[in-house]
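A.B. asks: The structure under discussion is supplied below as structure tokens; questions concerning it will follow.
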Amino acid sequence: MNRADRRIIGVIPARMGSSRFPGKPLALLTGIPMVGHVYFRSKMCPALDEVYIATCDQDIMEYAESIQAPAILTSSSHERATDRTAEAMLTVEKRTGKSTDIVVLIQGDEPMLHPDMIDEALAPILSDERIGVVNLAAPLDGEEEQDDPNEVKVVLDREGYALYFSREPIPSRKKANGPVGVLKQVCIMPFRRDWLLRFNELPSTPLEQAESVDMLRFLEHGYKVRMAKTGHQTYSVDTPEDLACVEALMREHPMPYGPAMGSSA
């Protein structure tokens with residue numbers, strides 16, 4: 001199957017009940033709700049046949065309707081963004097009558113994403129049928145980010161697969177002999193359809209719960225998670241302080257969304 005024959009959709013899971021930043025998806029950045037930035041930027045990636053917002057909150061559904069973004073109202077019981085994405089994908093398939101080949105989970109707190117980052121995340125899964133899931137990774141911006149528990153760190157093996165994800169600083173800076181590549185997880189995650197459904201069926205695992213990182217469920221059950229690197233500068237929003245920093249950066253580096261999508265941001 002070549003790329004043109006694949007159906008690839010993006011799903012943006014978003015909910016208002018964040019413990020660290022309640023109401024985060026609708027927090028304004030340059031006058032546009034954060035989830036709107038993620039949607040508009042994702043729509044700029046030509047690899048995606050469509051982009052959907054998946055939420056359990058009526059406020060987000062109403063915002064999606066206001067910008068004419070297709071949205072899926074999901075169960076409020078999901079603890080993981082991956083589970084919400086799986087439900088949304090199945091609903092989309094029922095609505096459209098079309099099966100999905102690859103679904104890209106795009107977290108709603110990544111407002112600085114560049115459309116090229118979606119292509120970078122898709123590249124491994126499109127080139128190798130053995131790969132079932134990919135996560136994007138970017139360099140950490142110094143020790144402050146490495147120490148930040150809101151940033152998920154990842155270490156890789158020699159073939160580019162994840163060895164472990166943690167909210168703690170990894171690898172150890174104290175014992176490193178020379179510079180060690182330090183990466184953070186960027187929550188742009190392409191899944192093959194069957195792998196996403198498989199994740200949904202696997203029992204939750206101790207490390208997944210301890211670190212609050214979805215991908216550890218795969219690693220603990222013996223599956224491989226391929227990482228893809230990006231050079232684009234990106235910062236997720238986990239706190240109101242993050243929001244202010246990201247807004248300043250977005251004003252310095254605006255991305256025109258076009259008249260059909262909203263203002264430049």
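By order in the structure tokens, chains are A, B, ...; within a chain, residues start at 1; ligands start at 1, following the order shown.
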Got a sec to tell me which of segment 4-238 of chain A DSSP assigns to strand (DSSP E or B), as a ChimeraX atom specification?
C.D. replies: /A:8-14,28-29,32-33,50-55,71-73,102-106,133-139,153-156,161-166,183-186,188-192,226-229
A.B. asks: May I have the residues within 9 Å of Ile188 of chain A as a PyMOL selection string, using only C-alpha atoms and disregarding those fewer than 3 positions away in the same chain?
C.D. replies: chain A and resi 104-107+110+113+117-118+121+134-137+185
A.B. asks: Using only C-alpha atoms, which of A:Lys24, A:Glu220, A:Asp128, A:Glu151 sits nearest Leu163 of chain A?
C.D. replies: A:Glu220
A.B. asks: What lies within 7 Å of Ile72 of chain A using only C-alpha atoms, ignoring chain neighbours under 3 positions off, as a list in words?
C.D. replies: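 Those residues are Ile53, Ala54, Thr55 and Ala88 of chain A.
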A.B. asks: Would you work out the distance separating atom CA of Pro22 of chain A from atom CA of Pro190 of chain A, expressed in Å to one decimal?
C.D. replies: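 Taking atom CA of Pro22 of chain A as the start and atom CA of Pro190 of chain A as the end point, the length is 26.7 Å.
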A.B. asks: Within 10 Å of segment 65-71 of chain A, counting only C-alpha atoms, which residues show up once you throw out same-chain ones fewer than 3 positions away? Write them as a PDB file with N, CA and C atoms, in the first residue's frame, please.
C.D. replies:
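Output file around-v5.pdb is given in full below:
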ATOM      1  N   VAL A  11      -6.329  13.099  15.448  1.00  0.00           N
ATOM      2  CA  VAL A  11      -7.293  13.246  16.549  1.00  0.00           C
ATOM      3  C   VAL A  11      -6.630  14.052  17.655  1.00  0.00           C
ATOM      4  N   ILE A  12      -7.306  15.106  18.100  1.00  0.00           N
ATOM      5  CA  ILE A  12      -6.809  15.958  19.170  1.00  0.00           C
ATOM      6  C   ILE A  12      -7.648  15.701  20.411  1.00  0.00           C
ATOM      7  N   PRO A  13      -7.170  14.882  21.364  1.00  0.00           N
ATOM      8  CA  PRO A  13      -7.921  14.667  22.603  1.00  0.00           C
ATOM      9  C   PRO A  13      -7.761  15.886  23.522  1.00  0.00           C
ATOM     10  N   GLY A  36      -7.636  25.473  19.565  1.00  0.00           N
ATOM     11  CA  GLY A  36      -7.817  26.006  18.222  1.00  0.00           C
ATOM     12  C   GLY A  36      -6.494  26.104  17.479  1.00  0.00           C
ATOM     13  N   TYR A  39      -5.571  22.646  16.370  1.00  0.00           N
ATOM     14  CA  TYR A  39      -6.403  22.222  15.232  1.00  0.00           C
ATOM     15  C   TYR A  39      -5.982  22.926  13.947  1.00  0.00           C
ATOM     16  N   PHE A  40      -5.859  24.256  13.977  1.00  0.00           N
ATOM     17  CA  PHE A  40      -5.513  24.997  12.759  1.00  0.00           C
ATOM     18  C   PHE A  40      -4.155  24.565  12.208  1.00  0.00           C
ATOM     19  N   LYS A  43      -4.328  21.049  10.676  1.00  0.00           N
ATOM     20  CA  LYS A  43      -5.021  21.071   9.383  1.00  0.00           C
ATOM     21  C   LYS A  43      -4.104  21.501   8.242  1.00  0.00           C
ATOM     22  N   GLU A  50      -8.181  14.228   7.464  1.00  0.00           N
ATOM     23  CA  GLU A  50      -9.071  15.049   8.285  1.00  0.00           C
ATOM     24  C   GLU A  50      -8.511  15.104   9.695  1.00  0.00           C
ATOM     25  N   VAL A  51      -8.914  16.141  10.432  1.00  0.00           N
ATOM     26  CA  VAL A  51      -8.501  16.316  11.824  1.00  0.00           C
ATOM     27  C   VAL A  51      -9.756  16.482  12.671  1.00  0.00           C
ATOM     28  N   TYR A  52      -9.823  15.748  13.791  1.00  0.00           N
ATOM     29  CA  TYR A  52     -10.980  15.769  14.671  1.00  0.00           C
ATOM     30  C   TYR A  52     -10.551  16.172  16.077  1.00  0.00           C
ATOM     31  N   ILE A  53     -11.417  16.891  16.770  1.00  0.00           N
ATOM     32  CA  ILE A  53     -11.235  17.171  18.189  1.00  0.00           C
ATOM     33  C   ILE A  53     -12.078  16.163  18.960  1.00  0.00           C
ATOM     34  N   ALA A  54     -11.465  15.484  19.930  1.00  0.00           N
ATOM     35  CA  ALA A  54     -12.158  14.472  20.735  1.00  0.00           C
ATOM     36  C   ALA A  54     -12.217  14.950  22.178  1.00  0.00           C
ATOM     37  N   THR A  55     -13.431  15.094  22.720  1.00  0.00           N
ATOM     38  CA  THR A  55     -13.568  15.656  24.058  1.00  0.00           C
ATOM     39  C   THR A  55     -14.801  15.103  24.756  1.00  0.00           C
ATOM     40  N   ASP A  59     -18.304  22.435  26.487  1.00  0.00           N
ATOM     41  CA  ASP A  59     -17.692  23.728  26.151  1.00  0.00           C
ATOM     42  C   ASP A  59     -16.745  23.593  24.966  1.00  0.00           C
ATOM     43  N   ILE A  60     -15.970  22.516  24.946  1.00  0.00           N
ATOM     44  CA  ILE A  60     -15.038  22.301  23.835  1.00  0.00           C
ATOM     45  C   ILE A  60     -15.797  21.931  22.572  1.00  0.00           C
ATOM     46  N   MET A  61     -16.855  21.144  22.700  1.00  0.00           N
ATOM     47  CA  MET A  61     -17.695  20.818  21.543  1.00  0.00           C
ATOM     48  C   MET A  61     -18.256  22.092  20.914  1.00  0.00           C
ATOM     49  N   GLU A  62     -18.715  23.012  21.743  1.00  0.00           N
ATOM     50  CA  GLU A  62     -19.291  24.253  21.222  1.00  0.00           C
ATOM     51  C   GLU A  62     -18.231  25.111  20.541  1.00  0.00           C
ATOM     52  N   THR A  74     -16.833  12.171  23.503  1.00  0.00           N
ATOM     53  CA  THR A  74     -16.395  10.864  23.998  1.00  0.00           C
ATOM     54  C   THR A  74     -16.836  10.670  25.451  1.00  0.00           C
ATOM     55  N   ALA A  88     -12.661   7.853  19.663  1.00  0.00           N
ATOM     56  CA  ALA A  88     -12.958   8.820  18.606  1.00  0.00           C
ATOM     57  C   ALA A  88     -12.757   8.211  17.226  1.00  0.00           C
ATOM     58  N   VAL A  92     -15.546   7.914  14.284  1.00  0.00           N
ATOM     59  CA  VAL A  92     -15.324   8.485  12.951  1.00  0.00           C
ATOM     60  C   VAL A  92     -15.581   7.431  11.877  1.00  0.00           C
ATOM     61  N   ALA A 260      -9.658  31.453   6.462  1.00  0.00           N
ATOM     62  CA  ALA A 260     -10.640  30.427   6.769  1.00  0.00           C
ATOM     63  C   ALA A 260     -10.408  29.807   8.130  1.00  0.00           C
ATOM     64  N   MET A 261      -9.238  30.069   8.719  1.00  0.00           N
ATOM     65  CA  MET A 261      -8.884  29.392   9.964  1.00  0.00           C
ATOM     66  C   MET A 261      -8.751  30.340  11.149  1.00  0.00           C
ATOM     67  N   GLY A 262      -8.551  31.604  10.911  1.00  0.00           N
ATOM     68  CA  GLY A 262      -8.375  32.506  12.035  1.00  0.00           C
ATOM     69  C   GLY A 262      -7.210  33.445  11.770  1.00  0.00           C
TER      70      GLY A 262
END
A.B. asks: Could you check which of A:His221, A:His253, A:His232, A:Arg84 is closest to Glu208 of chain A, using only C-alpha atoms?
C.D. replies: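 Counting only C-alpha atoms, the residue closest to Glu208 of chain A is A:His221.
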A.B. asks: Between A:Ser76, A:Phe165, A:Val246, A:Ile9, which is the closest to Leu216 of chain A once you count only C-alpha atoms?
C.D. replies: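 Nearest candidate to Leu216 of chain A out of A:Ser76, A:Phe165, A:Val246, A:Ile9: A:Phe165.
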A.B. asks: With distances taken over only C-alpha atoms, which of A:Phe191, A:Ser204, A:Asp109, A:Met227 is nearest to Tyr164 of chain A?
C.D. replies: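 Once distances to Tyr164 of chain A are computed over only C-alpha atoms, the minimum belongs to A:Met227.
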A.B. asks: Which residue is closest to Ser19 of chain A? Choose from A:Glu79, A:Gln58, A:Glu145, A:Ser166 and count only C-alpha atoms.
C.D. replies: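 Among A:Glu79, A:Gln58, A:Glu145, A:Ser166, it is A:Glu79 that comes nearest to Ser19 of chain A.
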A.B. asks: Mind the document's chain letters and residue numbers, and return as a ChimeraX atom specification the residues of segment 35-199 of chain A that DSSP labels alpha helix (DSSP H).
C.D. replies: /A:35-43,58-66,81-96,115-127,142-147,193-199
